[in-house]
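Written below as structure tokens is the structure these notes are about.
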Amino acid sequence: MSNLSLLSLFFLFPLSKFLTEASEDYNGFIYAGCSEPHYDPGSSYESSVNSILTSLSNVASLTTYTNVTSPASTTFVCGLFQCRSDLPTSFCESCVHDAISRLSTLCPSATGAAVQLRSCFLKYGNDSFLGKQDTSVLYKNCGAPSPNGGYNSGDFPGMRDAALGALVAAAAPPAGGAYRIGGAGYVQAMSQCVGDLSAKECSDCVGVSVAQLKTECSYASTGEVYLGKCYARFWSTNTASYTNTIFPSGHPPSNGSQSSKTLIIIIGVMIAIAIIIVALSFFRRTAGAGK
Ligand SMILES: *[C@@H]1O[C@H](CO)[C@@H](O)[C@H](O)[C@H]1NC(C)=O
Ligand SMILES: *[C@@H]1O[C@H](CO)[C@@H](O)[C@H](O)[C@H]1NC(C)=O
């Protein structure tokens, strides 16, 4: 019996590690920005904001991008959300609902605001930002240089540049808003544009954020740069080797990846086999001892 418990401990340890890695926080907070001006409680501006947010909230289960504008007879406010366009809309619904509830505490009564969570972006305001390019840097975050798979190991800069280059070079998607993914060696990259950009504007925006990543996060093993209408990220996987491919609507980049799911299944099967073998030898021995 001690054989069995030792074996299962040995196998369960890596299993639990992969299981925790497989759960990404899709609603994780990235940044929020609020306008200086505030509207008065009970104003027509407030009712426009409320109806915009309600409309956005109502369609989040149906689409990964939408824009809404208040009716002509009311105070002008417009809004949009963009979810990661490779994920099912159930993720979008949850993320957009979270974003709206965060806005009410982070930016109470702001005439304009934007919030970026891990898998969705939501913005409203009365400057007509709809359909306009915006490459201003809103947030960036560079990871620490990593001894494993960081700048100093192998050709990390080359892989990073190739992975990021694939994002910009990605064939123009049929509509804006497309999620793009690129990889080279053990570096993976992804980008997402807001759906009101044309394919060309999206590529331009991704190009600006990629250039930012290369200069600002050049020594980091991970990096993310969020511009007004797009963002790009790169990270080191440092496990499997990827070819330099582009999946315009590929899999979720990090942890929900196919390879870790496959690993979990393989480990599960190994545990089952190990348990059967140990159980069989245990029964054999007890049967042999009984004779
Ligand atoms: C937006 O709202 C603010 C605050 O009410 C106001 O001062 C500003 O003029 C508005 N801008 C536009 C473009 O309507
Ligand atoms: C806003 O949404 C409407 C449909 O509701 C769409 O026809 C229009 O192209 C969108 N505008 C932008 C800038 O995305």
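In the structure tokens, the first chain shown is A, the next is B, and so on; residue numbers restart at 1 for each chain, and ligands run from 1 in the order shown.
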Exercise. Could you give me the residues within 10 Å of ligand 1, counting only C-alpha atoms and all ligand atoms, as an NGL selection string?
Key: :A and (35-40 or 43-46 or 75-77 or 110-112 or 125-128)
As a quick test: using only C-alpha atoms and all ligand atoms, which residues lie no more than 6 Å away from ligand 2? Give them as a PDB file with N, CA and C atoms, in the first residue's frame.
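New file result-v2.pdb:
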```pdb
ATOM      1  N   ASN A  67     -20.693  48.571 -30.530  1.00  0.00           N
ATOM      2  CA  ASN A  67     -20.675  49.996 -30.172  1.00  0.00           C
ATOM      3  C   ASN A  67     -22.106  50.474 -30.045  1.00  0.00           C
ATOM      4  N   LEU A 130     -15.494  56.703 -31.561  1.00  0.00           N
ATOM      5  CA  LEU A 130     -15.854  55.536 -32.368  1.00  0.00           C
ATOM      6  C   LEU A 130     -15.250  55.637 -33.755  1.00  0.00           C
ATOM      7  N   GLY A 131     -14.596  54.550 -34.188  1.00  0.00           N
ATOM      8  CA  GLY A 131     -14.050  54.502 -35.542  1.00  0.00           C
ATOM      9  C   GLY A 131     -12.776  55.301 -35.713  1.00  0.00           C
ATOM     10  N   ASP A 196     -13.676  48.592 -34.035  1.00  0.00           N
ATOM     11  CA  ASP A 196     -14.037  49.722 -34.889  1.00  0.00           C
ATOM     12  C   ASP A 196     -12.890  50.135 -35.811  1.00  0.00           C
TER      13      ASP A 196
END
```
Practice problem: Considering only C-alpha atoms, state which residue in the set A:Ser85, A:Ser209, A:Ser218, A:Ser191 is at the smallest distance from Leu138 in chain A. | Solution: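 Closest to Leu138 in chain A, using only C-alpha atoms: A:Ser209.
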Quiz item: In Å to one decimal, how far is CA of Tyr226 in chain A from CA of Val137 in chain A?
Solution: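 Here the two named atoms are 6.0 Å from each other.
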Exercise. Could you give me, as JSON, numbers by chain, each residue of range 69-188 of chain A that DSSP assigns to strand (DSSP E) when run on this structure's backbone?
Key: {"A": [69, 78, 79, 80, 81, 82, 83, 113, 114, 115, 116, 117, 120, 121, 122, 123, 124, 125, 137, 138, 139, 140, 141, 142, 179, 180, 181, 182, 183, 184, 187, 188]}
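The spacing separating CA of Arg180 in chain A from CA of Leu167 in chain A amounts to 6.0 Å.
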Exercise. Work out how far CA of Ala166 in chain A is from CA of Thr63 in chain A, in Å to one decimal.
Key: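 Atom-to-atom, CA of Thr63 in chain A and CA of Ala166 in chain A are spaced 26.2 Å apart.
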